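my_file-v2.txt (compact mmCIF, C-alpha atoms)
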# COMPACT_ATOMS: atom_id res chain seq x y z
CA LEU L 1 -0.12 -58.65 13.75
CA ALA L 2 1.23 -56.04 16.17
CA LEU L 3 4.47 -55.75 14.18
CA ALA L 4 2.57 -55.42 10.94
CA ARG L 5 0.45 -52.64 12.36
CA GLU L 6 3.49 -50.82 13.65
CA SER L 7 5.08 -50.94 10.19
CA GLU L 8 2.08 -49.39 8.46
CA PRO L 9 2.47 -45.65 7.72
CA VAL L 10 0.38 -43.49 9.98
CA GLU L 11 -1.30 -40.54 8.27
CA ALA L 12 -1.16 -37.35 10.30
CA PRO L 13 -4.57 -35.72 10.77
CA GLU L 14 -5.10 -32.65 8.61
CA ALA L 15 -4.68 -29.38 10.49
CA PRO L 16 -7.94 -27.43 10.61
CA GLN L 17 -7.90 -24.59 8.11
CA GLU L 18 -7.86 -21.18 9.75
CA LYS L 19 -10.89 -19.10 8.88
CA LEU L 20 -10.68 -15.61 7.48
CA ARG L 21 -11.49 -13.22 10.34
CA VAL L 22 -13.73 -10.34 9.19
CA LEU L 23 -14.85 -7.23 11.09
CA ILE L 24 -17.93 -5.48 9.65
CA VAL L 25 -18.21 -1.71 10.16
CA ASP L 26 -21.61 -0.20 9.31
CA ASP L 27 -23.85 2.22 11.19
CA SER L 28 -26.97 0.31 10.12
CA PRO L 29 -27.62 -2.69 12.41
CA ILE L 30 -29.85 -4.23 9.73
CA MET L 31 -27.16 -3.96 7.04
CA ALA L 32 -24.51 -5.29 9.45
CA LYS L 33 -26.77 -8.29 10.10
CA ILE L 34 -27.29 -8.88 6.37
CA LEU L 35 -23.55 -8.68 5.63
CA THR L 36 -22.80 -10.99 8.56
CA SER L 37 -25.29 -13.56 7.30
CA MET L 38 -24.00 -13.44 3.70
CA LEU L 39 -20.33 -13.75 4.66
CA ALA L 40 -20.84 -16.34 7.42
CA ALA L 41 -22.50 -18.61 4.83
CA ASP L 42 -18.98 -19.32 3.60
CA PRO L 43 -17.38 -21.93 5.91
CA ALA L 44 -13.98 -20.29 5.36
CA ILE L 45 -15.10 -16.93 6.79
CA ASP L 46 -15.63 -16.05 10.45
CA VAL L 47 -17.32 -12.71 11.13
CA VAL L 48 -15.62 -11.93 14.44
CA GLY L 49 -17.54 -8.73 15.19
CA THR L 50 -19.39 -5.63 14.05
CA ALA L 51 -18.94 -1.92 14.75
CA GLU L 52 -21.32 1.00 14.22
CA ASN L 53 -18.66 3.64 13.48
CA GLY L 54 -14.96 4.12 12.88
CA GLU L 55 -14.11 4.83 16.51
CA GLU L 56 -15.71 1.59 17.68
CA ALA L 57 -13.94 -0.27 14.86
CA LEU L 58 -10.53 0.98 16.01
CA GLU L 59 -11.25 -0.25 19.53
CA LYS L 60 -12.49 -3.66 18.41
CA MET L 61 -9.50 -4.14 16.11
CA LYS L 62 -7.23 -4.35 19.16
CA SER L 63 -9.00 -7.36 20.66
CA LEU L 64 -10.37 -9.08 17.55
CA SER L 65 -7.30 -8.88 15.25
CA PRO L 66 -9.31 -9.17 11.99
CA ASP L 67 -7.74 -10.26 8.71
CA LEU L 68 -10.04 -7.91 6.78
CA ILE L 69 -12.43 -5.05 7.53
CA THR L 70 -15.50 -4.11 5.50
CA MET L 71 -16.00 -0.37 5.93
CA ASP L 72 -19.01 1.86 5.32
CA VAL L 73 -18.32 5.39 4.05
CA ASN L 74 -20.65 7.70 5.97
CA MET L 75 -21.02 6.99 9.71
CA PRO L 76 -21.59 9.09 12.87
CA VAL L 77 -18.86 9.80 15.48
CA MET L 78 -16.05 8.79 13.10
CA GLY L 79 -16.54 8.29 9.37
CA GLY L 80 -14.88 5.75 7.13
CA SER L 81 -12.10 7.97 5.76
CA THR L 82 -10.82 9.01 9.22
CA ALA L 83 -10.97 5.42 10.45
CA LEU L 84 -9.11 4.22 7.35
CA MET L 85 -6.31 6.75 7.92
CA HIS L 86 -5.88 5.54 11.53
CA ILE L 87 -5.88 1.89 10.42
CA MET L 88 -3.25 2.33 7.70
CA ILE L 89 -0.97 4.41 9.96
CA GLY L 90 -1.35 2.39 13.15
CA SER L 91 -2.19 -1.24 12.34
CA PRO L 92 -2.43 -1.80 8.56
CA CYS L 93 -5.21 -4.23 7.66
CA PRO L 94 -6.94 -4.84 4.31
CA VAL L 95 -10.06 -2.68 4.11
CA LEU L 96 -12.88 -3.35 1.63
CA ILE L 97 -15.21 -0.36 1.17
CA MET L 98 -18.89 -1.35 1.17
CA SER L 99 -21.04 1.49 -0.13
CA ASN L 100 -24.04 2.25 -2.30
CA LEU L 101 -22.13 3.02 -5.48
CA GLY L 102 -23.19 5.60 -8.02
CA PRO L 103 -21.52 8.21 -10.28
CA SER L 104 -21.80 10.84 -7.54
CA SER L 105 -19.75 8.67 -5.15
CA TYR L 106 -16.84 7.85 -7.48
CA SER L 107 -14.67 10.79 -6.36
CA THR L 108 -15.22 9.71 -2.74
CA LEU L 109 -14.26 6.12 -3.57
CA LEU L 110 -11.14 7.40 -5.32
CA SER L 111 -10.10 9.22 -2.14
CA PHE L 112 -10.61 6.02 -0.12
CA LEU L 113 -8.41 4.06 -2.53
CA ASN L 114 -5.75 6.77 -2.27
CA LEU L 115 -5.87 6.38 1.52
CA GLY L 116 -5.15 2.65 1.29
CA ALA L 117 -8.45 0.79 0.81
CA VAL L 118 -7.73 -2.33 -1.25
CA ASP L 119 -11.09 -2.65 -3.02
CA PHE L 120 -14.71 -1.48 -3.05
CA MET L 121 -18.09 -2.93 -3.92
CA SER L 122 -21.80 -2.15 -3.63
CA LYS L 123 -23.89 -3.19 -0.67
CA PRO L 124 -26.43 -5.93 -1.40
CA VAL L 125 -29.81 -4.86 -2.76
CA LYS L 126 -33.16 -6.66 -2.80
CA SER L 127 -33.72 -6.13 -6.52
CA SER L 128 -30.81 -8.40 -7.54
CA ASN L 129 -30.18 -12.11 -7.22
CA ILE L 130 -29.11 -12.51 -3.59
CA VAL L 131 -27.17 -15.74 -4.22
CA GLU L 132 -25.09 -14.12 -6.97
CA GLN L 133 -24.47 -11.10 -4.76
CA GLN L 134 -23.40 -13.34 -1.88
CA GLN L 135 -20.96 -15.29 -4.06
CA ARG L 136 -19.50 -12.12 -5.55
CA MET L 137 -19.04 -10.62 -2.09
CA VAL L 138 -17.35 -13.75 -0.72
CA ASN L 139 -14.97 -13.88 -3.69
CA ARG L 140 -14.03 -10.20 -3.34
CA VAL L 141 -13.47 -10.58 0.41
CA HIS L 142 -11.10 -13.51 -0.10
CA LEU L 143 -9.17 -11.62 -2.79
CA ALA L 144 -9.00 -8.39 -0.80
CA ALA L 145 -7.70 -10.20 2.28
CA LYS L 146 -4.59 -11.27 0.32
CA ALA L 147 -3.45 -7.69 -0.26
CA TYR L 148 -0.02 -6.80 1.16
CA VAL L 149 -0.99 -3.69 3.11
CA ASP L 150 2.17 -3.84 5.25
CA ARG L 151 3.93 -2.20 2.31
CA PHE L 152 1.40 0.64 2.16
CA ARG L 153 2.79 3.99 1.06
CA ARG L 154 0.72 7.18 0.96
CA LEU L 155 0.16 8.46 -2.54
CA ARG L 156 2.81 10.98 -3.56
CA THR L 157 2.18 12.22 -7.09
CA PRO L 158 4.82 14.43 -8.74
CA LYS L 159 4.25 18.08 -9.50
CA LEU L 160 4.47 18.27 -13.29
CA LYS L 161 5.13 21.24 -15.52
CA PRO L 162 3.44 21.55 -18.95
CA SER L 163 6.74 20.54 -20.59
CA ASP L 164 6.76 17.25 -18.62
CA PHE L 165 3.72 15.84 -20.46
CA ILE L 166 4.38 13.68 -23.52
CA ASP L 167 3.23 15.18 -26.81
CA VAL L 168 1.45 12.17 -28.36
CA ASN L 169 1.77 11.66 -32.13
CA ASP L 170 -1.01 9.31 -33.29
CA ASP L 171 0.71 8.79 -36.65
CA VAL L 172 3.65 6.97 -35.04
CA ALA L 173 3.70 3.39 -33.71
CA PRO L 174 5.23 2.58 -30.31
CA LYS L 175 8.52 0.69 -30.23
CA THR L 176 7.87 -0.83 -26.79
CA VAL L 177 4.75 -1.97 -24.95
CA MET L 178 4.43 -2.13 -21.17
CA ILE L 179 1.60 -4.23 -19.72
CA ILE L 180 0.65 -3.68 -16.06
CA ASN L 181 -1.64 -6.14 -14.30
CA ALA L 182 -3.07 -5.65 -10.82
CA GLY L 183 -5.98 -6.93 -8.75
CA PRO L 184 -7.39 -6.03 -5.35
CA GLY L 185 -4.67 -4.34 -3.31
CA GLY L 186 -2.75 -3.21 -6.37
CA TYR L 187 -4.53 0.08 -7.00
CA LEU L 188 -2.06 2.36 -5.21
CA GLU L 189 0.87 0.48 -6.74
CA VAL L 190 -0.56 1.16 -10.21
CA VAL L 191 -1.16 4.85 -9.49
CA ASN L 192 2.31 5.31 -7.99
CA LEU L 193 3.85 3.52 -10.98
CA ILE L 194 1.97 5.39 -13.72
CA THR L 195 2.51 8.81 -12.13
CA ALA L 196 6.22 8.14 -11.51
CA MET L 197 7.07 6.82 -14.99
CA PRO L 198 9.55 8.95 -16.96
CA GLN L 199 8.90 10.66 -20.28
CA ALA L 200 9.12 7.40 -22.27
CA SER L 201 7.89 8.86 -25.54
CA GLU L 202 8.38 5.63 -27.57
CA THR L 203 6.37 3.40 -25.21
CA ALA L 204 2.67 2.56 -25.02
CA VAL L 205 1.29 1.35 -21.67
CA LEU L 206 -1.68 -0.92 -20.99
CA SER L 207 -2.84 -1.06 -17.37
CA MET L 208 -5.33 -3.79 -16.43
CA LEU L 209 -7.21 -2.97 -13.20
CA SER L 210 -9.97 -4.79 -11.33
CA ILE L 211 -12.33 -1.80 -11.29
CA PRO L 212 -15.88 -1.56 -12.66
CA PRO L 213 -16.04 0.17 -16.08
CA PRO L 214 -18.23 3.09 -14.84
CA PHE L 215 -15.45 4.07 -12.40
CA ALA L 216 -12.82 4.28 -15.18
CA PRO L 217 -13.55 7.89 -16.33
CA THR L 218 -12.99 9.21 -12.78
CA LEU L 219 -9.69 7.34 -12.49
CA SER L 220 -8.62 8.31 -16.02
CA SER L 221 -9.18 12.03 -15.31
CA PHE L 222 -7.28 11.74 -12.02
CA LEU L 223 -4.27 10.04 -13.65
CA ASN L 224 -4.25 12.26 -16.71
CA LEU L 225 -3.46 15.32 -14.58
CA ARG L 226 -0.67 13.55 -12.68
CA SER L 227 1.06 11.38 -15.28
CA ARG L 228 3.44 12.28 -18.08
CA PHE L 229 1.44 9.86 -20.25
CA ASP L 230 -1.85 10.67 -21.93
CA VAL L 231 -4.29 8.36 -20.09
CA LYS L 232 -7.28 6.99 -22.03
CA ILE L 233 -9.96 4.36 -21.45
CA ILE L 234 -10.10 1.50 -23.93
CA SER L 235 -13.36 1.33 -25.85
CA GLU L 236 -14.03 -1.15 -28.64
CA VAL L 237 -10.72 -0.70 -30.50
CA ALA L 238 -7.67 1.47 -29.78
CA THR L 239 -4.80 2.16 -32.15
CA LEU L 240 -1.60 2.07 -30.11
CA SER L 241 0.31 5.32 -29.89
CA PRO L 242 3.54 5.98 -27.97
CA GLY L 243 3.22 8.16 -24.91
CA ARG L 244 -0.29 6.96 -24.15
CA CYS L 245 -1.51 4.83 -21.24
CA TYR L 246 -4.63 2.75 -21.88
CA LEU L 247 -6.86 1.64 -18.99
CA GLY L 248 -8.50 -1.79 -19.06
CA THR L 249 -11.20 -2.61 -16.51
CA SER L 250 -12.85 -5.68 -14.98
CA GLY L 251 -14.25 -8.02 -17.61
CA ALA L 252 -12.35 -6.33 -20.45
CA HIS L 253 -10.94 -9.30 -22.38
CA LEU L 254 -8.38 -7.72 -24.72
CA GLU L 255 -5.78 -8.76 -27.26
CA PHE L 256 -3.17 -7.13 -29.45
CA GLY L 257 -3.72 -7.21 -33.22
CA VAL L 258 -2.98 -5.43 -36.49
CA ALA L 259 -5.29 -3.26 -38.59
CA HIS L 260 -4.35 -1.03 -41.55
CA GLY L 261 -0.66 -1.62 -40.85
CA ARG L 262 -0.86 -0.46 -37.21
CA CYS L 263 -0.85 -2.37 -33.92
CA ILE L 264 -4.16 -2.13 -32.09
CA LEU L 265 -5.87 -3.21 -28.89
CA ARG L 266 -9.27 -4.83 -29.40
CA LYS L 267 -11.78 -7.09 -27.71
CA SER L 268 -10.40 -10.59 -27.36
CA SER L 269 -11.48 -13.43 -29.62
CA ILE L 270 -11.62 -15.82 -26.65
CA SER L 271 -14.88 -16.62 -24.87
CA HIS L 272 -16.41 -13.83 -22.80
CA GLU L 273 -16.85 -16.41 -20.06
CA ALA L 274 -13.07 -16.73 -19.71
CA VAL L 275 -11.72 -15.99 -16.25
CA ASP L 276 -9.24 -13.16 -15.69
CA GLY L 277 -6.22 -15.48 -15.62
CA GLU L 278 -7.06 -17.05 -18.99
CA SER L 279 -7.82 -13.65 -20.50
CA PHE L 280 -4.50 -12.20 -19.31
CA GLU L 281 -2.59 -15.18 -20.72
CA HIS L 282 -4.17 -14.60 -24.12
CA LEU L 283 -3.34 -10.88 -23.92
CA LEU L 284 0.34 -11.60 -23.17
CA THR L 285 0.60 -14.21 -25.92
CA SER L 286 -0.81 -11.79 -28.50
CA ALA L 287 1.62 -9.08 -27.31
CA ALA L 288 4.61 -11.44 -27.57
CA GLN L 289 3.65 -12.39 -31.13
CA LEU L 290 3.68 -8.75 -32.25
CA TYR L 291 6.37 -7.13 -30.13
CA ASN L 292 8.72 -10.03 -29.40
CA GLU L 293 11.37 -8.90 -26.91
CA ASN L 294 9.96 -5.36 -26.78
CA VAL L 295 7.30 -6.27 -24.19
CA VAL L 296 7.64 -5.31 -20.52
CA VAL L 297 5.28 -7.00 -18.05
CA VAL L 298 4.67 -5.61 -14.56
CA LEU L 299 2.78 -7.83 -12.10
CA LEU L 300 1.38 -6.15 -8.99
CA SER L 301 -0.75 -7.20 -6.01
CA GLY L 302 -3.74 -9.40 -6.80
CA ALA L 303 -2.74 -10.09 -10.42
CA GLU L 304 -4.39 -13.19 -11.89
CA LEU L 305 -1.73 -15.14 -13.81
CA GLY L 306 -3.51 -18.25 -15.10
CA SER L 307 -1.19 -21.14 -15.97
CA MET L 308 1.84 -18.88 -16.77
CA GLN L 309 1.74 -19.74 -20.51
CA GLY L 310 1.37 -16.06 -21.38
CA LEU L 311 4.47 -15.15 -19.37
CA SER L 312 6.35 -18.01 -21.02
CA ALA L 313 5.44 -16.58 -24.43
CA VAL L 314 6.85 -13.19 -23.41
Rewrite the structure from the file as structure tokens, please.
Amino acid sequence: LALARESEPVEAPEAPQEKLRVLIVDDSPIMAKILTSMLAADPAIDVVGTAENGEEALEKMKSLSPDLITMDVNMPVMGGSTALMHIMIGSPCPVLIMSNLGPSSYSTLLSFLNLGAVDFMSKPVKSSNIVEQQQRMVNRVHLAAKAYVDRFRRLRTPKLKPSDFIDVNDDVAPKTVMIINAGPGGYLEVVNLITAMPQASETAVLSMLSIPPPFAPTLSSFLNLRSRFDVKIISEVATLSPGRCYLGTSGAHLEFGVAHGRCILRKSSISHEAVDGESFEHLLTSAAQLYNENVVVVLLSGAELGSMQGLSAV
């Protein structure tokens, strides 16, 4: 019996999964308590501390070593933007901006993203389903924590002359299509890429970003002044033109198609309940069917890939 027991394989105990360490920075003790409660409800998250301003956050970072920081925008002593600059220069850490979002705050949010914040979302409100808000917050925190901020580079947009901008001819079809996909943490990579692209006057670009649709006009205007491409937001249907960059936002399930002899971008025929990975696969498959080898795919931080069938098609 002893020999038999010795011969049986012994299963090693599973190592305990390390929790995601989160530091909450908000000047409202009540809001900090609410955020702590909502995040701590996830067994994979450990709220290791709170701070009432940016200066206190920088001090607590040294001892707490968080994996992610949620950061308020307006705070006394040291505001969010100053704290973010110190974090990205001294000890880069993924920062998720938590703010009461509205059209008047979009330019401020844009500046935070340009300083290195990996994502942003609204603070919880009583008027909405608290369970849905909690789940959305937990999901965004987990995604944001995966961003590779060690490779952070300050935004350096080129100084363009009027002759540098592509003169778009809507009567001509593009010969090549570039598809850019990025999630949380990929914002600056997208901006650096689009603003640095050469005068590729035979190429159309589609950039898929995990940003809310209302924020798209602010980003489009920002990029349009700094990119050689003409940057537009995708509405219901867009006829593809070379020299133009189309912005797709969160929840925009798109596909390539043909109408009146021209290639177009339109709302996808797949279910609106499809997750981002499935939607992106369908987008790539439709692009491969129309453009064959003339498709360039760029995958950046946080990109949802699905089962890779779309990439296989390309």
- [ ] Go through L:Ser105, L:Ser63, L:Thr203, L:Ser111 and flag the residue nearest Ser81 (chain L), using all atoms listed in the file for the distances.
- [x]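 For Ser81 (chain L), the nearest of the given residues is L:Ser111.
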TODO: Take CA of Ser28 (chain L) and CA of Leu58 (chain L) and report the distance between them in Å, one decimal.
DONE: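 Computing the Euclidean distance for CA of Ser28 (chain L) and CA of Leu58 (chain L) yields 17.5 Å.
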Open item on the list: Please list as a list of chain:residue names every residue within 7 Å of Ser210 (chain L), counting all atoms listed in the file and excluding residues in the same chain fewer than 5 positions away.
Closed with: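 Neighbouring residues, sequence-local ones excluded: L:Ala182, L:Gly183, L:Pro184, L:Thr249, L:Ser250.
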Open item on the list: Using Å and a single decimal, report how far CA of Met75 (chain L) sits from CA of Asp150 (chain L).
Closed with: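 CA of Met75 (chain L) lies 26.0 Å from CA of Asp150 (chain L).
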- [ ] Quick one: everything within 9 Å of His282 (chain L), counting all atoms listed in the file, minus sequence neighbours fewer than 5 positions away in the same chain. Send it as a list in words.
- [x]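 Listing them by chain and then by number gives His253, Leu254, Glu255, Ser268, Ile270, Gly277, Ala287, Gln309 and Gly310 of chain L.
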Task: Among listed residues L:Met208, L:Leu20, L:Ala40, L:Leu311, nearest Ile234 (chain L) (using only C-alpha atoms) - done: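 That would be L:Met208, the residue with the smallest distance to Ile234 (chain L).
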Task: Separation of CA of Ile180 (chain L) from CA of Leu209 (chain L) in Å - done: 8.4 Å
- [ ] Return the single residue from L:Phe120, L:Pro214, L:Phe112, L:Gly243 that is closest to Leu143 (chain L), with distances computed using all atoms listed in the file.
- [x]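 The shortest atom-to-atom distance to Leu143 (chain L) comes from L:Phe120.
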TODO: Considering only C-alpha atoms, state which residue in the set L:Ser301, L:Ser163, L:Thr285, L:Ser227 is at the smallest distance from Ala313 (chain L).
DONE: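 Selected residue with least distance to Ala313 (chain L): L:Thr285.
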Open item on the list: Using only C-alpha atoms for the distances, tell me which of L:Ala145, L:Ile130, L:Val73, L:Leu115 is nearest to Leu23 (chain L).
Closed with: L:Ala145
Open item on the list: Measuring between all atoms listed in the file, which one of L:Thr82, L:Thr176, L:Ser269, L:Ser65 shows the shortest distance to Glu293 (chain L)?
Closed with: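 Smallest separation from Glu293 (chain L) among the options: L:Thr176.
Here the selection is built from only C-alpha atoms, and the residues within 8 Å of (-15.0, -13.6, 7.4) turn out to be Lys19, Leu20, Arg21, Val22, Leu23, Leu39, Ala40, Asp42, Ala44, Ile45, Asp46, Val47, Val48, Leu68 and Val141 of chain L.
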Task: Close residues, Leu305 (chain L) itself excluded, 10 Å, only C-alpha atoms, min 6 positions apart in chain, as a list in words - done: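 The residues satisfying every condition are Asn181, Asp276, Gly277, Glu278, Ser279, Phe280, Glu281, Leu299 and Leu311 of chain L.
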Open item on the list: (10.4, 4.4, -21.9) in this file's frame - what residues fall within 12 Å of it? Use all atoms listed in the file and give the answer as a PyMOL selection string.
Closed with: chain L and resi 166+174-178+194+196-205+228-229+242-245+294-296
Would you save the residues of that selection, restricted to C-alpha atoms, as an mmCIF file, in the coordinates of the input?
data_model
loop_
_atom_site.group_PDB
_atom_site.id
_atom_site.type_symbol
_atom_site.label_atom_id
_atom_site.label_comp_id
_atom_site.auth_asym_id
_atom_site.auth_seq_id
_atom_site.Cartn_x
_atom_site.Cartn_y
_atom_site.Cartn_z
ATOM 1 C CA ILE L 166 4.380 13.680 -23.520
ATOM 2 C CA PRO L 174 5.230 2.580 -30.310
ATOM 3 C CA LYS L 175 8.520 0.690 -30.230
ATOM 4 C CA THR L 176 7.870 -0.830 -26.790
ATOM 5 C CA VAL L 177 4.750 -1.970 -24.950
ATOM 6 C CA MET L 178 4.430 -2.130 -21.170
ATOM 7 C CA ILE L 194 1.970 5.390 -13.720
ATOM 8 C CA ALA L 196 6.220 8.140 -11.510
ATOM 9 C CA MET L 197 7.070 6.820 -14.990
ATOM 10 C CA PRO L 198 9.550 8.950 -16.960
ATOM 11 C CA GLN L 199 8.900 10.660 -20.280
ATOM 12 C CA ALA L 200 9.120 7.400 -22.270
ATOM 13 C CA SER L 201 7.890 8.860 -25.540
ATOM 14 C CA GLU L 202 8.380 5.630 -27.570
ATOM 15 C CA THR L 203 6.370 3.400 -25.210
ATOM 16 C CA ALA L 204 2.670 2.560 -25.020
ATOM 17 C CA VAL L 205 1.290 1.350 -21.670
ATOM 18 C CA ARG L 228 3.440 12.280 -18.080
ATOM 19 C CA PHE L 229 1.440 9.860 -20.250
ATOM 20 C CA PRO L 242 3.540 5.980 -27.970
ATOM 21 C CA GLY L 243 3.220 8.160 -24.910
ATOM 22 C CA ARG L 244 -0.290 6.960 -24.150
ATOM 23 C CA CYS L 245 -1.510 4.830 -21.240
ATOM 24 C CA ASN L 294 9.960 -5.360 -26.780
ATOM 25 C CA VAL L 295 7.300 -6.270 -24.190
ATOM 26 C CA VAL L 296 7.640 -5.310 -20.520
#
Taking N, CA, C and O atoms as the atom set, what does region 62-82 of chain L look like once completed, written as a compact mmCIF listing (two decimals), in the frame of the given file?
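Generated file (result.txt):
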# COMPACT_ATOMS: atom_id res chain seq x y z
N LYS L 62 -8.28 -3.98 18.20
CA LYS L 62 -7.23 -4.35 19.16
C LYS L 62 -7.46 -5.74 19.75
O LYS L 62 -6.51 -6.50 19.96
N SER L 63 -8.71 -6.07 20.03
CA SER L 63 -9.00 -7.36 20.66
C SER L 63 -9.36 -8.46 19.67
O SER L 63 -9.12 -9.64 19.92
N LEU L 64 -9.90 -8.07 18.51
CA LEU L 64 -10.37 -9.08 17.55
C LEU L 64 -9.34 -9.47 16.51
O LEU L 64 -9.43 -10.54 15.92
N SER L 65 -8.36 -8.61 16.23
CA SER L 65 -7.30 -8.88 15.25
C SER L 65 -7.86 -9.43 13.93
O SER L 65 -7.55 -10.55 13.52
N PRO L 66 -8.71 -8.67 13.24
CA PRO L 66 -9.31 -9.17 11.99
C PRO L 66 -8.28 -9.26 10.86
O PRO L 66 -7.26 -8.56 10.87
N ASP L 67 -8.57 -10.15 9.91
CA ASP L 67 -7.74 -10.26 8.71
C ASP L 67 -8.21 -9.29 7.64
O ASP L 67 -7.46 -8.96 6.72
N LEU L 68 -9.47 -8.85 7.76
CA LEU L 68 -10.04 -7.91 6.78
C LEU L 68 -11.18 -7.15 7.44
O LEU L 68 -11.87 -7.67 8.31
N ILE L 69 -11.36 -5.90 7.01
CA ILE L 69 -12.43 -5.05 7.53
C ILE L 69 -13.29 -4.58 6.36
O ILE L 69 -12.76 -4.10 5.35
N THR L 70 -14.60 -4.75 6.46
CA THR L 70 -15.50 -4.11 5.50
C THR L 70 -15.94 -2.79 6.13
O THR L 70 -16.36 -2.76 7.28
N MET L 71 -15.82 -1.70 5.36
CA MET L 71 -16.00 -0.37 5.93
C MET L 71 -17.06 0.42 5.17
O MET L 71 -16.99 0.55 3.94
N ASP L 72 -18.04 0.94 5.89
CA ASP L 72 -19.01 1.86 5.32
C ASP L 72 -18.33 3.22 5.14
O ASP L 72 -17.29 3.50 5.75
N VAL L 73 -18.91 4.08 4.32
CA VAL L 73 -18.32 5.39 4.05
C VAL L 73 -18.78 6.44 5.05
O VAL L 73 -17.99 7.04 5.77
N ASN L 74 -20.09 6.65 5.10
CA ASN L 74 -20.65 7.70 5.97
C ASN L 74 -21.19 7.09 7.26
O ASN L 74 -22.12 6.28 7.23
N MET L 75 -20.60 7.49 8.40
CA MET L 75 -21.02 6.99 9.71
C MET L 75 -20.90 8.11 10.74
O MET L 75 -20.07 9.01 10.59
N PRO L 76 -21.71 8.07 11.81
CA PRO L 76 -21.59 9.09 12.87
C PRO L 76 -20.33 8.87 13.70
O PRO L 76 -19.66 7.84 13.58
N VAL L 77 -20.01 9.82 14.56
CA VAL L 77 -18.86 9.80 15.48
C VAL L 77 -17.54 9.85 14.72
O VAL L 77 -16.76 10.80 14.85
N MET L 78 -17.25 8.80 13.94
CA MET L 78 -16.05 8.79 13.10
C MET L 78 -16.37 8.09 11.79
O MET L 78 -16.78 6.94 11.76
N GLY L 79 -16.22 8.83 10.69
CA GLY L 79 -16.54 8.29 9.37
C GLY L 79 -15.48 7.33 8.86
O GLY L 79 -14.43 7.12 9.47
N GLY L 80 -15.76 6.75 7.70
CA GLY L 80 -14.88 5.75 7.13
C GLY L 80 -13.49 6.25 6.76
O GLY L 80 -12.49 5.57 6.98
N SER L 81 -13.39 7.46 6.21
CA SER L 81 -12.10 7.97 5.76
C SER L 81 -11.15 8.20 6.94
O SER L 81 -9.96 7.85 6.88
N THR L 82 -11.65 8.78 8.03
CA THR L 82 -10.82 9.01 9.22
C THR L 82 -10.37 7.68 9.82
O THR L 82 -9.21 7.51 10.20
